[in-house]
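The file data-v6.tsv contains TSV, C-alpha atoms:
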```tsv
chain	number	residue	atom	x	y	z
N	243	MET	CA	23.17	4.29	-11.73
N	244	ALA	CA	24.17	1.54	-14.14
N	245	THR	CA	21.51	-0.87	-15.40
N	246	MET	CA	21.91	-4.38	-14.00
N	247	TYR	CA	20.65	-7.68	-15.43
N	248	TYR	CA	20.34	-11.06	-13.73
N	249	GLU	CA	19.18	-14.60	-14.52
N	250	LYS	CA	15.54	-13.57	-14.83
N	251	ASP	CA	16.40	-10.97	-17.48
N	252	ALA	CA	17.98	-13.42	-19.94
N	253	ASP	CA	16.43	-15.96	-22.30
N	254	PRO	CA	18.85	-18.93	-22.40
N	255	GLY	CA	17.12	-20.27	-25.47
N	256	LEU	CA	18.32	-17.47	-27.73
N	257	ILE	CA	21.96	-18.53	-27.68
N	258	THR	CA	21.17	-22.27	-27.76
N	259	ARG	CA	19.39	-21.72	-31.07
N	260	ARG	CA	22.51	-20.17	-32.60
N	261	LYS	CA	25.85	-21.59	-33.75
N	262	VAL	CA	28.73	-20.05	-31.82
N	263	ALA	CA	32.38	-19.88	-32.83
N	264	VAL	CA	34.87	-18.93	-30.12
N	265	ILE	CA	37.98	-17.65	-31.87
N	266	GLY	CA	40.91	-18.29	-29.55
N	267	PHE	CA	41.45	-20.60	-26.60
N	268	GLY	CA	43.42	-18.54	-24.08
N	269	SER	CA	42.31	-17.54	-20.60
N	270	GLN	CA	38.91	-16.22	-21.69
N	271	GLY	CA	38.49	-18.50	-24.70
N	272	HIS	CA	38.69	-21.74	-22.78
N	273	ALA	CA	36.21	-20.49	-20.17
N	274	HIS	CA	33.68	-19.19	-22.69
N	275	ALA	CA	33.80	-22.30	-24.87
N	276	LEU	CA	33.51	-24.80	-22.03
N	277	ASN	CA	30.82	-22.87	-20.17
N	278	LEU	CA	28.76	-22.45	-23.35
N	279	LYS	CA	29.09	-26.14	-24.21
N	280	GLU	CA	27.92	-27.14	-20.75
N	281	SER	CA	25.00	-24.70	-21.10
N	282	GLY	CA	23.79	-26.61	-24.16
N	283	VAL	CA	25.19	-24.26	-26.81
N	284	ASP	CA	26.41	-25.57	-30.16
N	285	VAL	CA	29.98	-24.24	-30.05
N	286	VAL	CA	33.24	-24.74	-31.91
N	287	VAL	CA	36.70	-23.33	-31.19
N	288	GLY	CA	38.56	-21.63	-34.01
N	289	LEU	CA	42.34	-22.10	-33.85
N	290	ARG	CA	45.02	-21.74	-36.49
N	291	ASP	CA	46.70	-24.88	-37.77
N	292	GLY	CA	49.52	-25.86	-35.46
N	293	SER	CA	48.15	-23.98	-32.45
N	294	PRO	CA	49.61	-25.43	-29.24
N	295	ARG	CA	46.19	-24.95	-27.63
N	296	ALA	CA	44.35	-27.22	-30.06
N	297	LYS	CA	45.10	-30.37	-28.07
N	298	ALA	CA	43.91	-28.78	-24.81
N	299	ALA	CA	40.63	-27.79	-26.46
N	300	SER	CA	40.14	-31.23	-28.01
N	301	ASP	CA	41.02	-32.96	-24.76
N	302	ALA	CA	38.35	-30.84	-23.06
N	303	GLY	CA	35.74	-32.29	-25.40
N	304	LEU	CA	35.42	-29.29	-27.72
N	305	LYS	CA	35.30	-29.38	-31.50
N	306	VAL	CA	38.32	-27.55	-32.94
N	307	VAL	CA	38.50	-26.23	-36.50
N	308	ASP	CA	40.51	-23.51	-38.23
N	309	PRO	CA	39.17	-19.94	-37.76
N	310	ALA	CA	37.94	-19.69	-41.36
N	311	THR	CA	35.87	-22.85	-41.05
N	312	ALA	CA	34.54	-21.70	-37.70
N	313	ALA	CA	33.51	-18.31	-39.06
N	314	GLU	CA	31.87	-19.86	-42.13
N	315	TRP	CA	29.81	-22.23	-39.98
N	316	ALA	CA	28.82	-19.87	-37.15
N	317	ASP	CA	26.26	-17.10	-36.96
N	318	VAL	CA	27.67	-15.83	-33.64
N	319	ILE	CA	31.42	-15.19	-33.54
N	320	MET	CA	33.19	-14.31	-30.28
N	321	MET	CA	36.61	-12.72	-30.87
N	322	LEU	CA	38.91	-13.87	-28.08
N	323	VAL	CA	42.32	-13.63	-29.69
N	324	PRO	CA	44.65	-10.94	-28.25
N	325	ASP	CA	43.87	-7.29	-29.02
N	326	GLN	CA	46.99	-6.84	-31.13
N	327	VAL	CA	46.11	-9.63	-33.57
N	328	GLN	CA	42.35	-9.12	-33.79
N	329	GLN	CA	42.52	-6.70	-36.71
N	330	GLY	CA	44.52	-9.13	-38.85
N	331	VAL	CA	42.34	-12.13	-37.94
N	332	TYR	CA	39.20	-10.13	-38.62
N	333	ASN	CA	40.32	-8.72	-41.98
N	334	ASP	CA	41.82	-11.96	-43.28
N	335	VAL	CA	39.43	-14.55	-41.88
N	336	ILE	CA	36.26	-13.22	-40.27
N	337	ARG	CA	35.12	-10.30	-42.45
N	338	PRO	CA	34.94	-12.30	-45.73
N	339	ARG	CA	32.68	-14.83	-44.01
N	340	LEU	CA	30.24	-12.51	-42.22
N	341	ASP	CA	26.67	-12.72	-43.46
N	342	PRO	CA	23.85	-10.23	-42.84
N	343	GLY	CA	22.24	-11.07	-39.51
N	344	ASP	CA	25.39	-12.55	-37.98
N	345	THR	CA	26.52	-11.39	-34.55
N	346	LEU	CA	30.08	-10.34	-33.77
N	347	LEU	CA	31.00	-10.41	-30.07
N	348	PHE	CA	33.98	-9.10	-28.13
N	349	ALA	CA	35.13	-9.40	-24.51
N	350	HIS	CA	37.01	-6.10	-24.66
N	351	GLY	CA	36.20	-2.97	-26.66
N	352	PHE	CA	39.74	-2.14	-27.82
N	353	SER	CA	39.47	-3.06	-31.51
N	354	ILE	CA	36.02	-1.58	-32.04
N	355	HIS	CA	36.43	1.59	-29.99
N	356	PHE	CA	39.74	2.59	-31.57
N	357	GLY	CA	38.60	1.70	-35.09
N	358	PHE	CA	40.92	-1.21	-35.81
N	359	ILE	CA	37.85	-3.29	-36.72
N	360	GLU	CA	34.93	-1.75	-38.62
N	361	PRO	CA	32.10	-4.28	-39.05
N	362	PRO	CA	29.61	-3.99	-41.91
N	363	PRO	CA	26.32	-2.30	-40.98
N	364	ASP	CA	24.17	-5.42	-41.42
N	365	VAL	CA	25.66	-7.41	-38.51
N	366	ASP	CA	25.06	-7.05	-34.79
N	367	VAL	CA	28.08	-6.08	-32.69
N	368	ALA	CA	28.14	-6.43	-28.91
N	369	MET	CA	30.47	-6.95	-25.98
N	370	VAL	CA	30.14	-9.57	-23.25
N	371	ALA	CA	33.06	-9.02	-20.89
N	372	PRO	CA	33.46	-10.93	-17.62
N	373	LYS	CA	35.24	-8.79	-15.02
N	374	GLY	CA	37.68	-11.48	-14.05
N	375	PRO	CA	40.31	-13.76	-15.60
N	376	GLY	CA	39.07	-16.73	-17.56
N	377	HIS	CA	40.24	-19.25	-15.01
N	378	LEU	CA	37.94	-17.59	-12.44
N	379	VAL	CA	35.08	-17.42	-14.96
N	380	ARG	CA	35.42	-21.16	-15.46
N	381	ARG	CA	35.82	-22.05	-11.79
N	382	GLN	CA	32.87	-19.94	-10.70
N	383	PHE	CA	30.67	-21.49	-13.38
N	384	VAL	CA	31.60	-25.03	-12.32
N	385	GLU	CA	30.85	-24.12	-8.70
N	386	GLY	CA	27.42	-22.81	-9.65
N	387	SER	CA	28.10	-19.10	-9.37
N	388	GLY	CA	29.37	-16.49	-11.80
N	389	VAL	CA	31.67	-13.53	-12.35
N	390	PRO	CA	30.06	-10.08	-12.77
N	391	THR	CA	29.99	-9.26	-16.47
N	392	LEU	CA	29.72	-6.17	-18.66
N	393	VAL	CA	27.48	-5.91	-21.71
N	394	ALA	CA	27.57	-3.22	-24.39
N	395	ILE	CA	25.98	-2.75	-27.79
N	396	HIS	CA	27.94	-1.16	-30.64
N	397	GLN	CA	25.65	-2.02	-33.54
N	398	ASP	CA	22.05	-3.26	-33.37
N	399	ALA	CA	21.10	-4.21	-36.91
N	400	SER	CA	18.54	-6.80	-35.80
N	401	GLY	CA	16.99	-4.87	-32.93
N	402	GLN	CA	17.65	-7.89	-30.69
N	403	THR	CA	21.35	-7.58	-29.98
N	404	LEU	CA	20.98	-6.88	-26.27
N	405	ASP	CA	18.73	-9.91	-25.79
N	406	LEU	CA	21.24	-12.18	-27.53
N	407	ALA	CA	24.17	-10.70	-25.59
N	408	LEU	CA	22.35	-11.33	-22.32
N	409	SER	CA	21.62	-14.88	-23.44
N	410	TYR	CA	25.31	-15.39	-24.20
N	411	ALA	CA	26.20	-13.92	-20.79
N	412	HIS	CA	23.77	-16.41	-19.25
N	413	GLY	CA	25.54	-19.22	-21.09
N	414	ILE	CA	28.92	-18.38	-19.56
N	415	GLY	CA	27.50	-17.76	-16.07
N	416	GLY	CA	27.61	-13.98	-16.12
N	417	THR	CA	23.97	-13.40	-15.19
N	418	ARG	CA	24.56	-15.35	-11.97
N	419	GLY	CA	26.98	-12.66	-10.83
N	420	GLY	CA	25.08	-9.78	-12.43
N	421	VAL	CA	25.51	-8.07	-15.81
N	422	ILE	CA	26.19	-4.32	-15.97
N	423	ARG	CA	25.22	-2.27	-19.05
N	424	THR	CA	28.03	-0.07	-20.34
N	425	THR	CA	29.46	1.18	-23.65
N	426	PHE	CA	32.45	0.11	-25.72
N	427	GLN	CA	34.10	3.47	-24.98
N	428	GLU	CA	33.57	3.34	-21.22
N	429	GLU	CA	34.70	-0.27	-20.88
N	430	THR	CA	37.78	0.21	-23.02
N	431	GLU	CA	39.02	3.43	-21.50
N	432	THR	CA	38.39	2.47	-17.86
N	433	ASP	CA	39.85	-1.01	-18.39
N	434	LEU	CA	43.08	0.33	-19.88
N	435	PHE	CA	43.32	3.02	-17.20
N	436	GLY	CA	42.85	0.48	-14.39
N	437	GLU	CA	45.47	-1.84	-15.86
N	438	GLN	CA	48.03	0.91	-16.34
N	439	VAL	CA	47.77	3.01	-13.18
N	440	ILE	CA	46.87	0.47	-10.47
N	441	LEU	CA	46.12	-3.18	-11.31
N	442	CYS	CA	49.29	-3.90	-13.30
N	443	GLY	CA	51.47	-0.87	-14.00
N	444	GLY	CA	51.04	0.95	-10.71
N	445	ILE	CA	51.30	-2.10	-8.47
N	446	ASP	CA	54.22	-3.65	-10.37
N	447	ALA	CA	56.23	-0.43	-10.33
N	448	MET	CA	55.60	0.16	-6.62
N	449	ILE	CA	56.56	-3.42	-5.72
N	450	GLN	CA	59.86	-3.15	-7.58
N	451	ALA	CA	60.65	0.30	-6.18
N	452	ALA	CA	59.80	-0.74	-2.61
N	453	PHE	CA	61.86	-3.94	-2.91
N	454	GLU	CA	64.83	-2.00	-4.24
N	455	THR	CA	64.52	0.61	-1.48
N	456	LEU	CA	64.69	-2.02	1.25
N	457	THR	CA	67.50	-4.09	-0.26
N	458	GLU	CA	69.56	-1.01	-1.12
N	459	ALA	CA	69.25	-0.04	2.56
N	460	GLY	CA	70.79	-3.38	3.54
N	461	TYR	CA	67.73	-5.50	4.35
N	462	GLU	CA	67.68	-9.13	3.26
N	463	PRO	CA	65.88	-9.70	-0.07
N	464	GLU	CA	63.77	-12.45	1.47
N	465	MET	CA	62.41	-10.04	4.10
N	466	ALA	CA	61.82	-7.39	1.45
N	467	TYR	CA	59.92	-9.87	-0.72
N	468	PHE	CA	57.60	-10.90	2.11
N	469	GLU	CA	56.84	-7.31	3.06
N	470	VAL	CA	56.25	-5.76	-0.35
N	471	LEU	CA	54.87	-8.63	-2.44
N	472	HIS	CA	53.87	-11.77	-0.52
N	473	GLU	CA	51.66	-9.98	2.01
N	474	LEU	CA	50.01	-7.88	-0.71
N	475	LYS	CA	47.49	-10.67	-1.33
N	476	LEU	CA	46.29	-10.47	2.26
N	477	ILE	CA	45.57	-6.77	1.89
N	478	VAL	CA	43.97	-7.13	-1.55
N	479	ASP	CA	41.67	-9.85	-0.20
N	480	LEU	CA	40.51	-7.49	2.55
N	481	LEU	CA	39.93	-4.70	0.02
N	482	TRP	CA	38.00	-7.11	-2.21
N	483	GLU	CA	35.83	-8.28	0.68
N	484	GLY	CA	34.87	-4.90	2.14
N	485	GLY	CA	36.68	-1.98	0.56
N	486	ILE	CA	39.17	0.42	2.10
N	487	GLU	CA	37.21	0.85	5.33
N	488	TRP	CA	37.17	-2.90	6.00
N	489	MET	CA	40.86	-3.26	5.20
N	490	ARG	CA	41.79	-0.44	7.59
N	491	HIS	CA	39.52	-1.93	10.25
N	492	SER	CA	41.21	-5.33	9.85
N	493	VAL	CA	44.85	-4.27	10.08
N	494	SER	CA	46.58	-3.00	13.20
N	495	ASP	CA	46.13	0.56	14.40
N	496	THR	CA	49.80	1.12	13.65
N	497	ALA	CA	49.32	-0.02	10.06
N	498	GLU	CA	46.18	2.10	9.70
N	499	TYR	CA	47.93	5.22	10.99
N	500	GLY	CA	50.87	4.60	8.65
N	501	ASP	CA	48.34	4.19	5.83
N	502	ILE	CA	46.58	7.51	6.34
N	503	THR	CA	49.71	9.55	7.06
N	504	ARG	CA	52.28	8.07	4.64
N	505	GLY	CA	50.13	6.87	1.75
N	506	PRO	CA	49.44	10.43	0.50
N	507	ARG	CA	53.20	11.07	0.42
N	508	ILE	CA	53.60	8.21	-2.08
N	509	VAL	CA	50.50	8.91	-4.15
N	510	ASN	CA	50.30	12.69	-4.24
N	511	ALA	CA	49.26	15.51	-6.55
N	512	ASP	CA	52.10	14.72	-8.95
N	513	THR	CA	50.98	11.09	-9.11
N	514	LYS	CA	47.41	12.09	-9.83
N	515	GLU	CA	48.58	14.45	-12.57
N	516	ALA	CA	50.48	11.57	-14.15
N	517	MET	CA	47.28	9.51	-13.96
N	518	ARG	CA	45.42	12.28	-15.80
N	519	GLU	CA	48.08	12.27	-18.51
N	520	ILE	CA	47.79	8.50	-18.88
N	521	LEU	CA	44.01	8.75	-19.10
N	522	SER	CA	44.34	11.43	-21.78
N	523	GLU	CA	46.64	9.17	-23.80
N	524	ILE	CA	44.06	6.40	-23.56
N	525	GLN	CA	41.12	8.63	-24.50
N	526	SER	CA	42.90	10.13	-27.51
N	527	GLY	CA	43.90	6.72	-28.86
N	528	ALA	CA	47.61	7.55	-28.47
N	529	PHE	CA	48.24	4.49	-26.30
N	530	ALA	CA	46.36	2.20	-28.69
N	531	ARG	CA	48.35	3.47	-31.66
N	532	GLU	CA	51.61	3.17	-29.70
N	533	TRP	CA	50.84	-0.42	-28.71
N	534	MET	CA	49.84	-1.49	-32.22
N	535	ALA	CA	53.01	0.11	-33.61
N	536	GLU	CA	55.06	-1.70	-30.97
N	537	TYR	CA	53.47	-5.01	-31.94
N	538	SER	CA	53.95	-4.35	-35.66
N	539	ALA	CA	57.65	-3.76	-35.02
N	540	GLY	CA	57.99	-7.14	-33.31
N	541	ALA	CA	57.34	-5.86	-29.75
N	542	PRO	CA	61.03	-5.24	-28.91
N	543	ASN	CA	60.27	-3.08	-25.87
N	544	LEU	CA	57.85	-5.66	-24.49
N	545	ALA	CA	60.38	-8.45	-24.99
N	546	ALA	CA	63.09	-6.44	-23.23
N	547	ALA	CA	60.78	-5.66	-20.30
N	548	ARG	CA	59.87	-9.33	-19.95
N	549	GLN	CA	63.53	-10.29	-19.81
N	550	GLU	CA	64.29	-7.52	-17.35
N	551	ILE	CA	61.59	-8.54	-14.86
N	552	ALA	CA	62.48	-12.23	-15.18
N	553	THR	CA	65.97	-11.47	-13.87
N	554	HIS	CA	65.01	-8.78	-11.34
N	555	PRO	CA	65.93	-9.73	-7.75
N	556	VAL	CA	62.31	-9.47	-6.60
N	557	GLU	CA	61.50	-12.26	-9.07
N	558	THR	CA	64.54	-14.47	-8.49
N	559	THR	CA	64.01	-14.18	-4.72
N	560	GLY	CA	60.31	-14.82	-5.10
N	561	ARG	CA	60.78	-17.96	-7.16
N	562	GLU	CA	63.04	-19.45	-4.50
N	563	LEU	CA	60.65	-18.60	-1.68
N	564	ARG	CA	57.51	-19.78	-3.50
N	565	ASP	CA	59.13	-23.17	-4.07
N	566	MET	CA	59.38	-23.47	-0.27
N	567	MET	CA	55.71	-22.70	0.33
N	568	THR	CA	53.99	-26.07	0.54
N	569	PHE	CA	50.56	-24.42	0.89
N	570	MET	CA	50.65	-23.05	-2.65
N	571	THR	CA	51.38	-24.19	-6.20
N	572	PRO	CA	53.79	-21.68	-7.77
N	573	LYS	CA	52.86	-20.50	-11.25
N	574	THR	CA	54.95	-19.45	-14.25
N	575	PRO	CA	53.93	-18.39	-17.77
N	576	GLU	CA	54.76	-21.92	-18.93
N	577	ASP	CA	51.92	-23.25	-16.73
N	578	ASP	CA	49.27	-21.45	-18.79
N	579	ILE	CA	46.90	-23.62	-20.77
```
Written as structure tokens, that's how I'd like the structure from this file.
Amino acid sequence: MATMYYEKDADPGLITRRKVAVIGFGSQGHAHALNLKESGVDVVVGLRDGSPRAKAASDAGLKVVDPATAAEWADVIMMLVPDQVQQGVYNDVIRPRLDPGDTLLFAHGFSIHFGFIEPPPDVDVAMVAPKGPGHLVRRQFVEGSGVPTLVAIHQDASGQTLDLALSYAHGIGGTRGGVIRTTFQEETETDLFGEQVILCGGIDAMIQAAFETLTEAGYEPEMAYFEVLHELKLIVDLLWEGGIEWMRHSVSDTAEYGDITRGPRIVNADTKEAMREILSEIQSGAFAREWMAEYSAGAPNLAAARQEIATHPVETTGRELRDMMTFMTPKTPEDDI
């Protein structure tokens, strides 16, 4: 059984007595920085000159400096730039400015676990990883609650790394939702696996295949969109609230019977074997090396995939339908902070 920590297990004063630099101001970065500031933490945001996010951070009342200045000033540095650029930012900017006794934090174990970043032995290294997107981390904090969070210790030079990590988690609201103790390896490998086989890769591929199956059979794309994508949120909400049993209880008997008799024909032994292969690629570091090589080459495959999905009928149909839904505010990548 995993160890759990809550509000009573954290000393908020530990992080308020430190100087914290949040490197990056994306989904997680904006949530961490704002939540820490409102928890009384002395925090700055490190952004490269010309960053389009600098104005958003300044407008939110945060002090913004370049990453080198932030790292020089801080004694706690949270790395919240994307995985693929962390190694370069660390080597060029952070590592030369680390002092003995500093603390290096991450919200994902990718760079540490796969060896892209190797901190010196005289600094503390920990992970504080909310299990939710930054926008939810921020919203839950403002509403007085919190997103469940993971904590892991990679290097404990001071002997107090866990206490400081819990204090940081308290500052962003994580101890309100509960903090689970894990390891960099476990978090990294399970996170990548979940993203690839179900949360992103699996779901996306099934949506596209199901949409194509219906439209190729002559059904209207609008009907296909509603059935294979729009209504997915309703089912996911039921799963989130009470698991598979609650979802099956909540849908019709017809839907439940179709679930138990047809689902295993879609996800079968061959599917599970493919999942095992994907997990093996993650565990061996093959996926990490592949992704870093892709990024180093300019990410041509990623760019092509983005263009392909932007013009796929499930997306063009969806954009038209979402514009008609007055109960929601459609989102695009351009709407990100």
Need the shell around region 543-549 of chain N: protein/DNA/RNA residues with any atom at most 12 Å away, counting all atoms listed in the file. Skip same-chain ones fewer than 6 positions apart. Format as an NGL selection string? :N and (532-537 or 557 or 575)
For the atom pair CA of Glu314 (chain N) and CA of Lys279 (chain N), what is the interatomic distance in Å to one decimal place? 19.2 Å
Identify the residues around (34.4, -2.5, -39.5) within a radius of 12 Å, measuring from only C-alpha atoms in the coordinates stated by the file, and give them as a PyMOL selection string. chain N and resi 328-329+332-333+336-338+340+346+353-367+396-397
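For Arg290 (chain N), the set of protein, DNA and RNA residues having any atom at most 12 Å away, when counting only C-alpha atoms and skipping those fewer than 5 positions along the same chain, is N:Ile265, N:Gly266, N:Phe267, N:Arg295, N:Ala296, N:Val306, N:Val307, N:Asp308, N:Pro309, N:Ala310, N:Thr311, N:Ala312, N:Val323, N:Val331, N:Val335.
If you measure from each of N:His412, N:Leu456, N:Ile477, N:Asn510 to Glu498 (chain N) using all atoms listed in the file, the closest one turns out to be N:Ile477.
Between Val287 (chain N) and the residues N:Ile319, N:Ile449, N:Val327, N:Ser269, the shortest atom-to-atom distance, using all atoms listed in the file, involves N:Ile319.
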Counting all atoms listed in the file, which residue out of N:Thr455, N:Arg531, N:Val478, N:Gly560 sits closest to Leu441 (chain N)? N:Val478
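Of the residues under consideration (N:Met246, N:Met567, N:Leu471, N:Leu434), N:Leu434 shows the shortest atom-to-atom contact distance to Asp325 (chain N) when counting all atoms listed in the file.
Note that CA of Ala466 (chain N) and CA of Ile551 (chain N) are 16.4 Å apart.
For the set N:Lys475, N:Arg561, N:Arg418, N:His350, the residue with the smallest atom-to-atom gap to Phe383 (chain N) is N:Arg418, counting only C-alpha atoms.
The gap separating CA of Met489 (chain N) from CA of Arg564 (chain N) is 25.0 Å, in Å to one decimal.
Considering the residues N:Leu408, N:Ala299, N:Ala528, N:Ala399 and counting only C-alpha atoms, Pro342 (chain N) has its shortest atom-to-atom contact with N:Ala399.
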Contact residues around Tyr467 (chain N) with all atoms listed in the file at 10 Å, ignoring same-chain residues under 3 positions, as JSON, numbers by chain: {"N": [449, 450, 452, 453, 454, 456, 457, 462, 463, 464, 470, 471, 472, 473, 555, 556, 557, 559, 560, 563]}
Selection export as a short mmCIF file (atom, residue, chain, number, x, y, z; two decimals), in the coordinates of the input, atoms kept: C-alpha atoms:
```
data_model
loop_
_atom_site.label_atom_id
_atom_site.label_comp_id
_atom_site.auth_asym_id
_atom_site.auth_seq_id
_atom_site.Cartn_x
_atom_site.Cartn_y
_atom_site.Cartn_z
CA ILE N 449 56.56 -3.42 -5.72
CA GLN N 450 59.86 -3.15 -7.58
CA ALA N 452 59.80 -0.74 -2.61
CA PHE N 453 61.86 -3.94 -2.91
CA GLU N 454 64.83 -2.00 -4.24
CA LEU N 456 64.69 -2.02 1.25
CA THR N 457 67.50 -4.09 -0.26
CA GLU N 462 67.68 -9.13 3.26
CA PRO N 463 65.88 -9.70 -0.07
CA GLU N 464 63.77 -12.45 1.47
CA VAL N 470 56.25 -5.76 -0.35
CA LEU N 471 54.87 -8.63 -2.44
CA HIS N 472 53.87 -11.77 -0.52
CA GLU N 473 51.66 -9.98 2.01
CA PRO N 555 65.93 -9.73 -7.75
CA VAL N 556 62.31 -9.47 -6.60
CA GLU N 557 61.50 -12.26 -9.07
CA THR N 559 64.01 -14.18 -4.72
CA GLY N 560 60.31 -14.82 -5.10
CA LEU N 563 60.65 -18.60 -1.68
#
```
I'd like the neighbourhood of Ile257 (chain N) as a ChimeraX atom specification, where a residue qualifies if any of its atoms comes within 7 Å (using only C-alpha atoms), though same-chain residues fewer than 6 positions away should be ignored. /N:283,406,409-410
Against region 506-509 of chain N, which residues of region 338-452 of chain N fall within 12 Å? For each one I want the closest pair of atoms and the distance in Å (one decimal), counting all atoms listed in the file, rows by chain and increasing residue number, as a Markdown table.
```
| residue | atom | partner | partner_atom | distance |
| --- | --- | --- | --- | --- |
| N:Val439 | CA | N:Val509 | CA | 11.1 |
| N:Ile440 | CA | N:Val509 | CA | 11.2 |
| N:Gly444 | CA | N:Val509 | CA | 10.3 |
| N:Ile445 | CA | N:Val509 | CA | 11.9 |
| N:Met448 | CA | N:Ile508 | CA | 9.5 |
| N:Ala451 | CA | N:Ile508 | CA | 11.4 |
| N:Ala452 | CA | N:Ile508 | CA | 10.9 |
```
